[in-house]
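For reference, the structure is listed below as structure tokens.
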Amino acid sequence: MAFDAPLASEMEADSTGSSPDPRTLLADVWGFQDFRPGQAAIIEAILAGENVLAIMPTGAGKSLCYQLPALASPGVTVVVSPLIALMRDQVAQLTALGIEAGALNSSIDMEEYRRIMGGLRQGTLKLLYVAPERLTRPETITLLRESNITTLAIDEAHCVSQWGHDFRPEYMEIGRVREELGGVRTVAFTATADAATRDDIARRLFTEEPRMFLGGFDRPNLRLAMRPKGDTKRRILEFVAAHKGENGVIYCSSRARTEELAEALNEAGHRALPYHAGLEKGVRDANQDAFLAEDGLVVVATIAFGMGIDKPDVRFVCHWDMPKNIESYYQEIGRAGRDGLPADTLTFYGMDDVRLHSQRIEESASSDEQKRVENQKLTALLALCEAPRCRRQSLLAYFGEKAEPCGNCDLCLNGVETYDATIDAQKAMSAMARTGQRFATEHLINILVGTDTDAIRQWGHDRLPTFGVGKDRPRTVWRGIFRQLYGAGLISMDIANHGRWLITDAGKEVLGGRETIALRADVLETGRGKRERDRGERSRAAPALDLAEGDRALFDVLRGKRQELAKEAGVPAYVVFADRTLVELASHRPRTRDAMRAIHGVGQTKMARYGDAFLKVIEDAGL
Ligand code: ADP
Ligand code: ZN
């Protein structure tokens with residue numbers, strides 16, 4: 001294949017020795033028109049020699065923040081990254097951009113090892129990916145000391161903190177390595193936002209305060225939607241049907257459920273694969289590789305899947321079960337739409353999820369303090385699930401950002417009905433108060449709706465004035481009311497004592513008639529009573545990529561060409577071109593090389609490699 005453009009690695013410095021400015025590199029090498037929020041400031045700080053800790057949501061474009069400075073500086077940037085699959089993927093993408101990069105890990109062969117060593121010695125290698133356990137070995141440190149390292153970049157930096165959700169002991173050693181490397185400039189990135197983790201990372205990785213970048217949490221291209229469970233599997237099948245042929249991830253809490261759903265999806269004519277820790281390693285790796293390499297594949301996975309998966313063109317993410325906190329939720333749905341194109345998300349939740357997570361916290365939390373923190377985080381997610389206003393507003397508020405109603409969440413799109421639920425709340429809480437706050441949901445509902453069970457009679461609860469006061473409403477509605485009272489902070493769950501409910505101070509205000517409470521009417525029913533509304537749910541789901549009818553045909557041909565070139569080069573399809581590039585090609589239909597270069601994602605190297613092939617496809621399509 002013709003290769004007439006200079007390699008990006010050769011562009012780092014002109015004859016005067018000064019590097020090209022970041023914007024020029026962005027356009028020439030990556031073919032991107034603009035920085036995403038936060039990127040320019042971070043890159044500027046790194047180029048000015050500062051140590052940086054940046055917290056950006058998944059898909060915000062963290063990699064570029066250290067890759068571009070690496071390219072603009074002499075010497076090599078060492079990237080600590082926890083997963084081999086992730087390193088391999090990044091190296092493939094950088095190579096496709098014409099940037100010399102390599103990964104030192106157990107999976108490389110001798111030839112690759114020699115190539116990396118040669119690049120290090122000659123100073124042409126710009127980025128070297130290393131797993132943390134490899135980094136800390138004495139021979140690696142010796143090697144790095146002999147090389148011209150200018151920056152240590154740490155990906156998934158929350159792994160250093162026990163407060164983070166993915167602690168890895170090897171990460172604890174990075175601070176020491178940094179000292180042994182003479183306190184080299186260090187830049188760390190993570191998507192985990194909370195203050196405790198942030199401070200912990202700063203303390204463990206840096207000896208002095210790093211420059212902190214926080215925010216830009218909005219991902220406006222992600223459509224947000226959350227629904228109470230009920231007939232969940234059928235509704236997920238409908239959701240996927242509306243996204244037929246698109247790449248997607250569906251998270252389930254149990255291994256059995258991933259297999260069951262993957263099978264159902266395959267039966268329904270989709271291509272779906274399960275992924276969970278119980279699969280044999282070979283199968284698991286093959287399924288992950290298939291997801292990275294192929295187009296139009298759905299992975300049904302436990303949360304073991306996805307860390308470090310930076311496939312840019314995932315068009316939907318769905319949760320069968322509720323995640324454990326807002327950080328995990330946002331990280332998981334954040335795997336959709338990294339390319340900035342529209343992507344759809346749908347999360348189901350129920351009180352059974354809350355109970356399960358609470359139990360896990362109870363069993364695994366190492367201190368009362370940690371228990372309290374994690375329970376609060378869980379409650380915050382449930383409150384988001386049942387939020388009465390724009391979800392994005394609630395979500396960003398959690399991360400400390402203000403926003404206008406987004407117009408791209410289920411609540412903005414469909415509106416919410418609320419009603420004055422003060423009397424319902426008082427009924428529920430008085431059932432709690434009159435039974436000494438010693439009972440969990442189902443028993444309390446038996447009291448409210450007047451169900452005569454052995455336990456009710458044994459405790460004499462059929463003689464309470466509250467017995468039967470709520471019989472005008474079905475049990476499912478009462479479950480919804482308990483959930484919302486919990487989300488609103490009026491009641492709290494005592495997990496150590498069989499999940500009994502307690503009335504909080506805020507709850508006492510409502511019980512005493514000094515405050516009122518509005519609850520959402522629309523999420524109170526689930527299951528059969530919801531059928532009507534579910535139909536509306538289905539008609540709104542639509543393919544995530546919005547292409548004109550005539551462009552769709554060309555898009556499909558371009559996709560075929562991409563698949564062919566990717567196969568030839570042995571790389572995932574998106575390494576050739578991202579979806580966004582194909583969408584622009586299909587709608588703008590460039591006919592000249594200049595016009596082609598103006599398309600998103602077409603930098604010099606990719607132009608030289610693939611430009612003519614795609615121009616020909618467009619020309620052959622006529623019009
Ligand atoms: P994360 O923050 O999760 O690590 P990545 O670094 O994987 O995200 O970036 C997500 C996607 O966004 C990638 O496909 C990347 O090419 C793309 N991207 C990054 N920066 C920009 C930009 N300035 N303009 C357009 N696309 C970008
Ligand atoms: Zn909204």
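Labels for the structure tokens follow display order: chains A, B, ..., residues from 1 in each chain, ligands from 1.
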Show which residues sit within 8 Å of A:Gly603, as number ranges by chain. Count only C-alpha atoms, and ignore same-chain residues fewer than 5 positions away.
A: 27-32, 97, 597
Please produce, as CSV, a per-residue contact table for chain A versus ligand 2 (criterion: any atom at most 12 Å away, only C-alpha atoms and all ligand atoms considered), showing the nearest atom pair and its distance in Å to one decimal, sorted by chain then residue number.
residue,atom,partner,partner_atom_place_in_ligand_line,distance
A:Asp218,CA,ligand 2,1 (Zn),11.5
A:Arg219,CA,ligand 2,1 (Zn),11.7
A:Pro220,CA,ligand 2,1 (Zn),9.6
A:Asn221,CA,ligand 2,1 (Zn),11.6
A:Leu222,CA,ligand 2,1 (Zn),10.6
A:Arg223,CA,ligand 2,1 (Zn),8.6
A:Leu224,CA,ligand 2,1 (Zn),7.7
A:Ala225,CA,ligand 2,1 (Zn),9.3
A:Met226,CA,ligand 2,1 (Zn),11.8
A:Leu384,CA,ligand 2,1 (Zn),11.8
A:Ala387,CA,ligand 2,1 (Zn),10.6
A:Pro388,CA,ligand 2,1 (Zn),10.5
A:Arg389,CA,ligand 2,1 (Zn),7.4
A:Cys390,CA,ligand 2,1 (Zn),3.7
A:Arg391,CA,ligand 2,1 (Zn),5.1
A:Arg392,CA,ligand 2,1 (Zn),5.1
A:Gln393,CA,ligand 2,1 (Zn),6.6
A:Ser394,CA,ligand 2,1 (Zn),8.8
A:Leu395,CA,ligand 2,1 (Zn),9.7
A:Leu396,CA,ligand 2,1 (Zn),10.7
A:Ala403,CA,ligand 2,1 (Zn),9.5
A:Glu404,CA,ligand 2,1 (Zn),8.1
A:Pro405,CA,ligand 2,1 (Zn),4.8
A:Cys406,CA,ligand 2,1 (Zn),3.9
A:Gly407,CA,ligand 2,1 (Zn),4.8
A:Asn408,CA,ligand 2,1 (Zn),5.2
A:Cys409,CA,ligand 2,1 (Zn),4.2
A:Asp410,CA,ligand 2,1 (Zn),6.8
A:Leu411,CA,ligand 2,1 (Zn),5.8
A:Cys412,CA,ligand 2,1 (Zn),4.3
A:Leu413,CA,ligand 2,1 (Zn),7.3
A:Asn414,CA,ligand 2,1 (Zn),9.7
A:Gly415,CA,ligand 2,1 (Zn),9.3
A:Val416,CA,ligand 2,1 (Zn),11.1
Skipping near chain neighbours, those fewer than 2 positions away, what residues fall within 8 Å of A:Ala380 using only C-alpha atoms, listed as a tab-separated table (two decimals) with N, CA, C and O atoms, in the first residue's frame?
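Listing of selection_39.tsv after writing:
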chain	number	residue	atom	x	y	z
A	325	ASN	N	-23.20	1.56	42.40
A	325	ASN	CA	-23.17	2.98	42.74
A	325	ASN	C	-23.11	3.81	41.47
A	325	ASN	O	-23.02	3.25	40.37
A	326	ILE	N	-23.17	5.12	41.62
A	326	ILE	CA	-23.25	5.98	40.44
A	326	ILE	C	-21.95	5.93	39.64
A	326	ILE	O	-21.97	5.97	38.41
A	376	GLN	N	-24.21	4.85	51.34
A	376	GLN	CA	-24.67	6.15	50.83
A	376	GLN	C	-24.60	6.20	49.32
A	376	GLN	O	-25.47	6.73	48.65
A	377	LYS	N	-23.53	5.62	48.78
A	377	LYS	CA	-23.37	5.62	47.33
A	377	LYS	C	-24.47	4.81	46.66
A	377	LYS	O	-24.96	5.16	45.59
A	378	LEU	N	-24.82	3.71	47.30
A	378	LEU	CA	-25.89	2.87	46.76
A	378	LEU	C	-27.22	3.64	46.77
A	378	LEU	O	-27.97	3.64	45.79
A	382	LEU	N	-29.92	4.72	43.71
A	382	LEU	CA	-31.36	4.46	43.69
A	382	LEU	C	-32.13	5.77	43.54
A	382	LEU	O	-33.12	5.86	42.81
A	383	ALA	N	-31.66	6.81	44.22
A	383	ALA	CA	-32.32	8.11	44.09
A	383	ALA	C	-32.26	8.59	42.64
A	383	ALA	O	-33.21	9.18	42.13
A	384	LEU	N	-31.13	8.32	41.98
A	384	LEU	CA	-31.02	8.70	40.56
A	384	LEU	C	-32.02	7.90	39.71
A	384	LEU	O	-32.66	8.43	38.81
A	487	GLY	N	-35.03	6.12	48.45
A	487	GLY	CA	-34.25	6.99	47.57
A	487	GLY	C	-34.31	8.44	48.01
A	487	GLY	O	-33.34	9.19	47.87
As a PyMOL selection string, please: every protein or nucleic acid residue near ligand 1 (cut-off 8 Å, counting only C-alpha atoms and all ligand atoms).
chain A and resi 26+30+32-36+39+56-65+191+308+310-313+334-335+338-340+578+600-601
Output N, CA and C atoms of each residue in that selection to a file, as an mmCIF file, in the first residue's frame.
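Contents of the output file out32.cif:
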data_model
loop_
_atom_site.group_PDB
_atom_site.id
_atom_site.type_symbol
_atom_site.label_atom_id
_atom_site.label_comp_id
_atom_site.auth_asym_id
_atom_site.auth_seq_id
_atom_site.Cartn_x
_atom_site.Cartn_y
_atom_site.Cartn_z
ATOM 1 N N LEU A 26 -3.156 17.470 16.403
ATOM 2 C CA LEU A 26 -4.491 16.879 16.501
ATOM 3 C C LEU A 26 -5.098 16.708 15.109
ATOM 4 N N TRP A 30 -4.257 12.890 14.117
ATOM 5 C CA TRP A 30 -5.498 12.197 14.484
ATOM 6 C C TRP A 30 -6.636 12.498 13.508
ATOM 7 N N PHE A 32 -8.634 14.975 13.921
ATOM 8 C CA PHE A 32 -9.738 15.515 14.713
ATOM 9 C C PHE A 32 -9.765 17.033 14.593
ATOM 10 N N GLN A 33 -10.959 17.587 14.498
ATOM 11 C CA GLN A 33 -11.073 19.030 14.315
ATOM 12 C C GLN A 33 -10.831 19.802 15.606
ATOM 13 N N ASP A 34 -11.251 19.218 16.725
ATOM 14 C CA ASP A 34 -11.214 19.986 17.955
ATOM 15 C C ASP A 34 -10.925 19.116 19.156
ATOM 16 N N PHE A 35 -10.418 19.752 20.218
ATOM 17 C CA PHE A 35 -10.269 19.008 21.457
ATOM 18 C C PHE A 35 -11.621 18.811 22.095
ATOM 19 N N ARG A 36 -11.745 17.768 22.870
ATOM 20 C CA ARG A 36 -12.944 17.585 23.689
ATOM 21 C C ARG A 36 -12.750 18.387 24.971
ATOM 22 N N GLN A 39 -9.479 18.439 27.442
ATOM 23 C CA GLN A 39 -8.237 17.916 26.852
ATOM 24 C C GLN A 39 -7.163 18.990 26.664
ATOM 25 N N MET A 56 -11.564 12.120 34.481
ATOM 26 C CA MET A 56 -12.473 12.349 33.359
ATOM 27 C C MET A 56 -13.322 11.110 33.194
ATOM 28 N N PRO A 57 -14.565 11.284 32.791
ATOM 29 C CA PRO A 57 -15.411 10.096 32.657
ATOM 30 C C PRO A 57 -14.939 9.199 31.521
ATOM 31 N N THR A 58 -15.305 7.932 31.609
ATOM 32 C CA THR A 58 -14.998 6.972 30.554
ATOM 33 C C THR A 58 -15.455 7.509 29.202
ATOM 34 N N GLY A 59 -14.585 7.405 28.235
ATOM 35 C CA GLY A 59 -14.962 7.837 26.894
ATOM 36 C C GLY A 59 -14.735 9.309 26.631
ATOM 37 N N ALA A 60 -14.226 10.029 27.647
ATOM 38 C CA ALA A 60 -14.026 11.464 27.456
ATOM 39 C C ALA A 60 -12.784 11.743 26.610
ATOM 40 N N GLY A 61 -11.923 10.737 26.458
ATOM 41 C CA GLY A 61 -10.732 10.926 25.640
ATOM 42 C C GLY A 61 -9.477 11.145 26.467
ATOM 43 N N LYS A 62 -9.263 10.264 27.458
ATOM 44 C CA LYS A 62 -8.087 10.393 28.305
ATOM 45 C C LYS A 62 -6.806 10.054 27.555
ATOM 46 N N SER A 63 -6.846 9.010 26.739
ATOM 47 C CA SER A 63 -5.603 8.545 26.110
ATOM 48 C C SER A 63 -4.924 9.660 25.322
ATOM 49 N N LEU A 64 -5.719 10.415 24.601
ATOM 50 C CA LEU A 64 -5.147 11.494 23.796
ATOM 51 C C LEU A 64 -4.366 12.484 24.666
ATOM 52 N N CYS A 65 -4.806 12.637 25.916
ATOM 53 C CA CYS A 65 -4.183 13.616 26.810
ATOM 54 C C CYS A 65 -2.724 13.284 27.122
ATOM 55 N N ALA A 191 -11.338 7.476 35.899
ATOM 56 C CA ALA A 191 -12.718 7.923 35.726
ATOM 57 C C ALA A 191 -13.446 7.971 37.068
ATOM 58 N N GLY A 308 -11.071 -1.317 30.562
ATOM 59 C CA GLY A 308 -10.047 -1.170 29.551
ATOM 60 C C GLY A 308 -10.511 -1.507 28.145
ATOM 61 N N ASP A 310 -11.739 -0.230 25.110
ATOM 62 C CA ASP A 310 -12.073 1.095 24.603
ATOM 63 C C ASP A 310 -12.485 1.058 23.142
ATOM 64 N N LYS A 311 -13.341 0.115 22.840
ATOM 65 C CA LYS A 311 -13.959 0.071 21.513
ATOM 66 C C LYS A 311 -14.804 1.336 21.368
ATOM 67 N N PRO A 312 -14.513 2.133 20.354
ATOM 68 C CA PRO A 312 -15.162 3.448 20.304
ATOM 69 C C PRO A 312 -16.605 3.425 19.814
ATOM 70 N N ASP A 313 -16.998 2.350 19.106
ATOM 71 C CA ASP A 313 -18.291 2.398 18.429
ATOM 72 C C ASP A 313 -19.338 1.478 19.048
ATOM 73 N N GLY A 334 -20.731 4.445 30.181
ATOM 74 C CA GLY A 334 -19.753 5.270 29.475
ATOM 75 C C GLY A 334 -18.993 4.508 28.409
ATOM 76 N N ARG A 335 -19.125 3.180 28.433
ATOM 77 C CA ARG A 335 -18.450 2.401 27.384
ATOM 78 C C ARG A 335 -19.176 2.517 26.059
ATOM 79 N N ARG A 338 -18.140 6.170 22.774
ATOM 80 C CA ARG A 338 -16.895 6.897 22.996
ATOM 81 C C ARG A 338 -16.514 7.763 21.814
ATOM 82 N N ASP A 339 -17.013 7.414 20.645
ATOM 83 C CA ASP A 339 -16.698 8.196 19.451
ATOM 84 C C ASP A 339 -17.506 9.485 19.394
ATOM 85 N N GLY A 340 -18.340 9.716 20.380
ATOM 86 C CA GLY A 340 -19.096 10.965 20.414
ATOM 87 C C GLY A 340 -20.402 10.910 19.634
ATOM 88 N N ALA A 578 -13.127 5.056 12.384
ATOM 89 C CA ALA A 578 -14.228 5.011 13.340
ATOM 90 C C ALA A 578 -15.564 5.136 12.608
ATOM 91 N N HIS A 600 -13.596 13.850 9.656
ATOM 92 C CA HIS A 600 -13.186 13.458 11.011
ATOM 93 C C HIS A 600 -12.388 12.150 10.998
ATOM 94 N N GLY A 601 -11.231 12.156 11.691
ATOM 95 C CA GLY A 601 -10.458 10.921 11.851
ATOM 96 C C GLY A 601 -9.543 10.581 10.687
#
Counting only C-alpha atoms, which residues of stretch 60-129 of chain A fall within 12 Å of stretch 280-289 of chain A, and what is the closest atom pair for each with its distance in Å at one decimal, ordered by chain and rising number, as JSON lines?
{"residue": "A:Ile84", "atom": "CA", "partner": "A:Asp285", "partner_atom": "CA", "distance": 10.9}
{"residue": "A:Ala85", "atom": "CA", "partner": "A:Asp289", "partner_atom": "CA", "distance": 8.3}
{"residue": "A:Leu86", "atom": "CA", "partner": "A:Asp289", "partner_atom": "CA", "distance": 10.8}
{"residue": "A:Arg88", "atom": "CA", "partner": "A:Asp289", "partner_atom": "CA", "distance": 10.8}
{"residue": "A:Asp89", "atom": "CA", "partner": "A:Asp289", "partner_atom": "CA", "distance": 10.1}
Print the selection's residues with C-alpha atoms to a file, as a PDB file, in the first residue's frame.
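Final output, saved to part_24.pdb:
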ATOM      1  CA  ILE A  84      -2.818  -6.765  28.089  1.00  0.00           C
ATOM      2  CA  ALA A  85      -5.864  -6.508  25.791  1.00  0.00           C
ATOM      3  CA  LEU A  86      -5.992  -2.795  26.403  1.00  0.00           C
ATOM      4  CA  ARG A  88      -2.500  -4.318  22.465  1.00  0.00           C
ATOM      5  CA  ASP A  89      -5.441  -2.286  21.324  1.00  0.00           C
TER       6      ASP A  89
END
Check the smallest atom-to-atom distance from each of A:Glu139, A:Glu246, A:Asp166, A:Glu332 to A:Asp579 using only C-alpha atoms, then report the winner.
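With only C-alpha atoms as the atom set, the closest residue is A:Glu246.
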Shell around A:Thr77 at 9 Å using only C-alpha atoms, local window under 5 positions removed, as a list in words
Tyr66, Gln67, Pro69, Ala70, Leu71, Leu125, Lys126, Leu127, Leu128, Tyr129, Asn148, Ile149, Thr150, Thr151, Leu152 and Ala153 of chain A
Can you tell me, as a ChimeraX atom specification, which residues in stretch 222-456 of chain A count as alpha helix (DSSP H) by DSSP?
/A:232-241,255-267,281-293,326-333,351-364,368-385,391-398,410-414,422-434,441-449,454-456
If you measure from atom CA of A:Arg520 to atom CA of A:Tyr486, what distance in Å do you get, rounded to one decimal?
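These two atoms are separated by 13.1 Å.
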Quick one: residues within 9 Å of A:Val160, only C-alpha atoms counted, chain neighbours fewer than 4 positions away excluded, as a list in words?
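Returned residues: Glu156, Gly164, Asp166, Phe167, Arg168, Pro169, Glu170, Tyr171, Met172, Glu173, Ile174, Asp200, Ile201, Arg204 and Leu205 of chain A.
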Serialized selection, C-alpha atoms, as a short mmCIF file (atom, residue, chain, number, x, y, z; two decimals), in the first residue's frame:
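This went into out.cif:
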data_model
loop_
_atom_site.label_atom_id
_atom_site.label_comp_id
_atom_site.auth_asym_id
_atom_site.auth_seq_id
_atom_site.Cartn_x
_atom_site.Cartn_y
_atom_site.Cartn_z
CA GLU A 156 -6.81 3.60 35.53
CA GLY A 164 -11.36 2.75 44.44
CA ASP A 166 -10.62 -1.98 41.50
CA PHE A 167 -7.69 -2.01 43.86
CA ARG A 168 -4.51 -3.65 42.53
CA PRO A 169 -1.64 -4.11 44.97
CA GLU A 170 1.00 -3.76 42.18
CA TYR A 171 -0.13 -0.18 41.70
CA MET A 172 1.09 0.64 45.21
CA GLU A 173 4.66 0.19 43.99
CA ILE A 174 4.40 2.85 41.28
CA ASP A 200 -5.75 8.75 48.12
CA ILE A 201 -4.43 8.56 44.54
CA ARG A 204 0.16 7.43 46.81
CA LEU A 205 1.48 8.44 43.41
#
What parts of stretch 135-259 of chain A does DSSP call strand (DSSP E or B)? I'd like the answer as number ranges by chain.
A: 149-154, 185-190, 211-214, 222-224, 226-228, 248-251
Output N, CA, C and O atoms of each residue in that selection to a file, as a CSV table (one decimal), in the first residue's frame.
chain,number,residue,atom,x,y,z
A,149,ILE,N,13.4,8.6,29.3
A,149,ILE,CA,11.9,8.7,29.7
A,149,ILE,C,11.6,10.1,30.0
A,149,ILE,O,12.3,10.7,30.8
A,150,THR,N,10.6,10.7,29.4
A,150,THR,CA,10.2,12.0,29.8
A,150,THR,C,9.0,12.1,30.7
A,150,THR,O,8.8,13.0,31.4
A,151,THR,N,8.1,11.0,30.5
A,151,THR,CA,6.9,11.0,31.3
A,151,THR,C,6.5,9.6,31.7
A,151,THR,O,6.7,8.7,31.0
A,152,LEU,N,5.9,9.6,32.9
A,152,LEU,CA,5.3,8.3,33.3
A,152,LEU,C,3.8,8.6,33.3
A,152,LEU,O,3.3,9.5,34.1
A,153,ALA,N,3.0,7.9,32.5
A,153,ALA,CA,1.6,8.1,32.5
A,153,ALA,C,0.9,6.9,33.1
A,153,ALA,O,1.3,5.7,32.8
A,154,ILE,N,0.0,7.1,34.0
A,154,ILE,CA,-0.7,6.0,34.7
A,154,ILE,C,-2.2,6.0,34.3
A,154,ILE,O,-2.9,6.9,34.7
A,185,ARG,N,8.4,13.3,35.5
A,185,ARG,CA,7.0,13.9,35.4
A,185,ARG,C,6.0,12.8,35.3
A,185,ARG,O,6.1,11.9,34.5
A,186,THR,N,4.9,12.9,36.1
A,186,THR,CA,4.0,11.8,36.2
A,186,THR,C,2.6,12.4,35.9
A,186,THR,O,2.2,13.4,36.5
A,187,VAL,N,1.8,11.7,35.1
A,187,VAL,CA,0.5,12.1,34.8
A,187,VAL,C,-0.4,10.9,35.0
A,187,VAL,O,-0.2,9.8,34.5
A,188,ALA,N,-1.5,11.1,35.8
A,188,ALA,CA,-2.3,10.0,36.1
A,188,ALA,C,-3.8,10.3,35.7
A,188,ALA,O,-4.2,11.4,35.8
A,189,PHE,N,-4.5,9.2,35.3
A,189,PHE,CA,-5.8,9.4,34.8
A,189,PHE,C,-6.8,8.3,35.4
A,189,PHE,O,-6.4,7.2,35.5
A,190,THR,N,-8.0,8.7,35.7
A,190,THR,CA,-9.0,7.8,36.1
A,190,THR,C,-10.4,8.4,35.9
A,190,THR,O,-10.5,9.6,35.7
A,211,ARG,N,-1.1,18.8,39.8
A,211,ARG,CA,-2.2,19.7,39.2
A,211,ARG,C,-3.4,18.8,39.0
A,211,ARG,O,-3.3,17.8,38.3
A,212,MET,N,-4.5,19.2,39.6
A,212,MET,CA,-5.7,18.4,39.5
A,212,MET,C,-6.7,18.9,38.4
A,212,MET,O,-7.0,20.1,38.4
A,213,PHE,N,-7.2,18.0,37.6
A,213,PHE,CA,-8.2,18.4,36.6
A,213,PHE,C,-9.4,17.5,36.9
A,213,PHE,O,-9.3,16.3,37.0
A,214,LEU,N,-10.5,18.1,37.1
A,214,LEU,CA,-11.7,17.4,37.5
A,214,LEU,C,-12.9,17.9,36.7
A,214,LEU,O,-13.1,19.1,36.5
A,222,LEU,N,-24.8,10.4,25.1
A,222,LEU,CA,-25.4,9.2,25.7
A,222,LEU,C,-26.9,9.4,26.1
A,222,LEU,O,-27.2,10.4,26.9
A,223,ARG,N,-27.8,8.7,25.6
A,223,ARG,CA,-29.2,8.8,26.1
A,223,ARG,C,-29.3,8.0,27.3
A,223,ARG,O,-28.9,6.8,27.4
A,224,LEU,N,-29.9,8.6,28.4
A,224,LEU,CA,-30.0,8.0,29.6
A,224,LEU,C,-31.4,7.5,29.9
A,224,LEU,O,-32.4,8.3,29.6
A,226,MET,N,-33.7,4.8,32.7
A,226,MET,CA,-33.8,3.8,33.8
A,226,MET,C,-35.2,3.4,34.1
A,226,MET,O,-36.1,4.2,34.0
A,227,ARG,N,-35.4,2.1,34.3
A,227,ARG,CA,-36.8,1.6,34.5
A,227,ARG,C,-36.8,0.6,35.6
A,227,ARG,O,-35.9,-0.3,35.7
A,228,PRO,N,-37.9,0.6,36.4
A,228,PRO,CA,-38.0,-0.5,37.4
A,228,PRO,C,-38.2,-1.8,36.7
A,228,PRO,O,-38.7,-1.9,35.6
A,248,GLY,N,-23.1,-3.8,21.0
A,248,GLY,CA,-23.7,-3.5,22.3
A,248,GLY,C,-23.2,-4.3,23.4
A,248,GLY,O,-22.6,-5.4,23.2
A,249,VAL,N,-23.4,-3.8,24.7
A,249,VAL,CA,-23.0,-4.6,25.9
A,249,VAL,C,-24.2,-4.6,26.8
A,249,VAL,O,-24.8,-3.6,27.0
A,250,ILE,N,-24.5,-5.8,27.3
A,250,ILE,CA,-25.6,-6.0,28.3
A,250,ILE,C,-24.9,-6.6,29.6
A,250,ILE,O,-24.3,-7.6,29.5
A,251,TYR,N,-25.1,-5.8,30.7
A,251,TYR,CA,-24.6,-6.3,31.9
A,251,TYR,C,-25.6,-7.1,32.7
A,251,TYR,O,-26.7,-6.6,32.9
Can you tell me, as a VMD selection string, what residues are no more than 10 Å from stretch 100-102 of chain A when counting only C-alpha atoms, ignoring any on the same chain fewer than 4 positions away?
chain A and resid 7 to 10 71 76 to 78 87 to 88 90 to 96 108 112 to 113 115 to 117 119 to 120 124 to 130
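Between A:Ala518 and the candidates A:Ala421, A:Ala293, A:Ile491, A:Cys385, the tightest atom-to-atom separation, counting only C-alpha atoms, involves A:Ala421.
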